[in-house]
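See below for the structure under consideration.
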Amino acid sequence: MDCLFCRIIAGEIPADVVHTDDRSVAFRDINPQAPTHILVIPREHIESLDEATQRDESTLGHLLRVAARLANQEGLSESGYRTVINTGAGAGQSVFHLHLHVLGGRQMNWPPG
Ligand code: AMP
C-alpha cells in the first residue's frame, strides 16, 4: 500500500483524527493553511474527483455532509468556511487519494491562487 492516506486510514501513519465512520475519515492537515484545516477522505481509495464514478455519488455527498458537520463543530458556521477539492497536479493536488479540504478561522479571498 503506497498511498499515504490509505496508510493513515490503516493507522500505519499517525494523524490527528477528528472523525471516523464507516465511509470516511477526517484529520487535521499537517501543514495548515488556516486556523482550522481538516481533510475529509473516503475510506475507499479513489484517486481524484475525476476518477469518481456514479457508484461513488453517495460517498461524495457523505464527505460534504461530514465536512459541514465538522466545520460546525469547529464553530465556523457563522464566520464561514471553505471546502476545496484539488483535482490533478495542475490544480494543486499532491496526494492522489480524493480529499476534501475544510478551511476556516480566517478571512478567505477570491479567486483562490
Ligand atoms: P492536496 O495538495 O490538495 O493534494 O492536499 C494534500 C494535503 O495533504 C496538503 O494540504 C498536505 O499538507 C496534507 N498532508 C500531507 N501529508 C499529510 C499527513 N501525513 N497528515 C496530514 N496531512 C497531510
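In the C-alpha cells, chains take letters A, B, ... by order of appearance, with residues numbered from 1 within each chain and ligands from 1 in the order shown.
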
| Quick one: residues within 10 Å of ligand 1, with only C-alpha atoms and all ligand atoms, as number ranges by chain? | A: 4-5, 7-8, 13-17, 26-33, 37-39, 48, 84-89, 91-101

| said: So that I can see what lies close to A:Ala34, please list as a list in words the residues with an atom at most 8 Å from it, counting only C-alpha atoms and leaving out residues fewer than 4 positions away in the same chain. | reply: Leu103, Gly104, Gly105 and Arg106 of chain A

| Using the chain letters and numbers from this document, which residues of chain A does DSSP assign to alpha helix (DSSP H), as a VMD selection string? | chain A and resid 4 to 9 57 to 73

Please produce a file of the residues just selected, as a JSON list (two decimals), in the first residue's frame, where the atoms kept are C-alpha atoms.
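Wrote out-v6.json, looks like this:
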[["chain", "number", "residue", "atom", "x", "y", "z"],
["A", 4, "LEU", "CA", -0.26, 7.98, 2.21],
["A", 5, "PHE", "CA", -3.91, 8.50, 3.07],
["A", 6, "CYS", "CA", -4.68, 4.75, 2.87],
["A", 7, "ARG", "CA", -1.86, 4.28, 5.39],
["A", 8, "ILE", "CA", -3.39, 6.92, 7.67],
["A", 9, "ILE", "CA", -6.75, 5.10, 7.45],
["A", 57, "GLU", "CA", -22.16, 9.52, -5.65],
["A", 58, "SER", "CA", -23.45, 8.79, -2.18],
["A", 59, "THR", "CA", -19.90, 8.74, -0.78],
["A", 60, "LEU", "CA", -19.23, 12.15, -2.32],
["A", 61, "GLY", "CA", -22.38, 13.51, -0.73],
["A", 62, "HIS", "CA", -21.40, 11.95, 2.57],
["A", 63, "LEU", "CA", -17.98, 13.64, 2.50],
["A", 64, "LEU", "CA", -19.66, 17.03, 2.05],
["A", 65, "ARG", "CA", -22.05, 16.40, 4.93],
["A", 66, "VAL", "CA", -19.18, 15.32, 7.20],
["A", 67, "ALA", "CA", -17.27, 18.47, 6.18],
["A", 68, "ALA", "CA", -20.20, 20.69, 7.13],
["A", 69, "ARG", "CA", -20.70, 18.90, 10.44],
["A", 70, "LEU", "CA", -17.02, 19.24, 11.34],
["A", 71, "ALA", "CA", -16.99, 22.92, 10.34],
["A", 72, "ASN", "CA", -19.99, 23.43, 12.59],
["A", 73, "GLN", "CA", -18.23, 21.63, 15.45]]

| said: DSSP on the backbone, strand (DSSP E) only: what residues of stretch 10-101 of chain A does that give? Format it as a list of chain:residue names. | reply: A:Val17, A:Val18, A:His19, A:Thr20, A:Ser24, A:Val25, A:Ala26, A:Phe27, A:Arg28, A:Thr36, A:His37, A:Ile38, A:Leu39, A:Val40, A:Ile41, A:Pro42, A:Tyr81, A:Arg82, A:Thr83, A:Val84, A:Leu100, A:His101

| note | If you count only C-alpha atoms, the residue of A:Asp2, A:Glu12, A:Glu74, A:Asp22 closest to A:Ile41 turns out to be A:Asp22

| message | Can you tell me which residues surround A:Val25 at a distance of at most 6 Å, considering only C-alpha atoms, apart from same-chain residues fewer than 5 positions away, and format the answer as number ranges by chain? | response | A: 19-20, 40-41

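Of note, atom CA of A:Glu47 and atom CA of A:Arg23 are spaced 15.5 Å apart.
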
| Distance in Å - atom CA of A:Ile46 versus atom CA of A:Gly90 | 18.0 Å

| task | Choose the residue, out of A:Ala10, A:Leu76, A:Val18, A:Val102, that has the smallest atom-to-atom separation from A:Glu44; count only C-alpha atoms. | result | A:Ala10
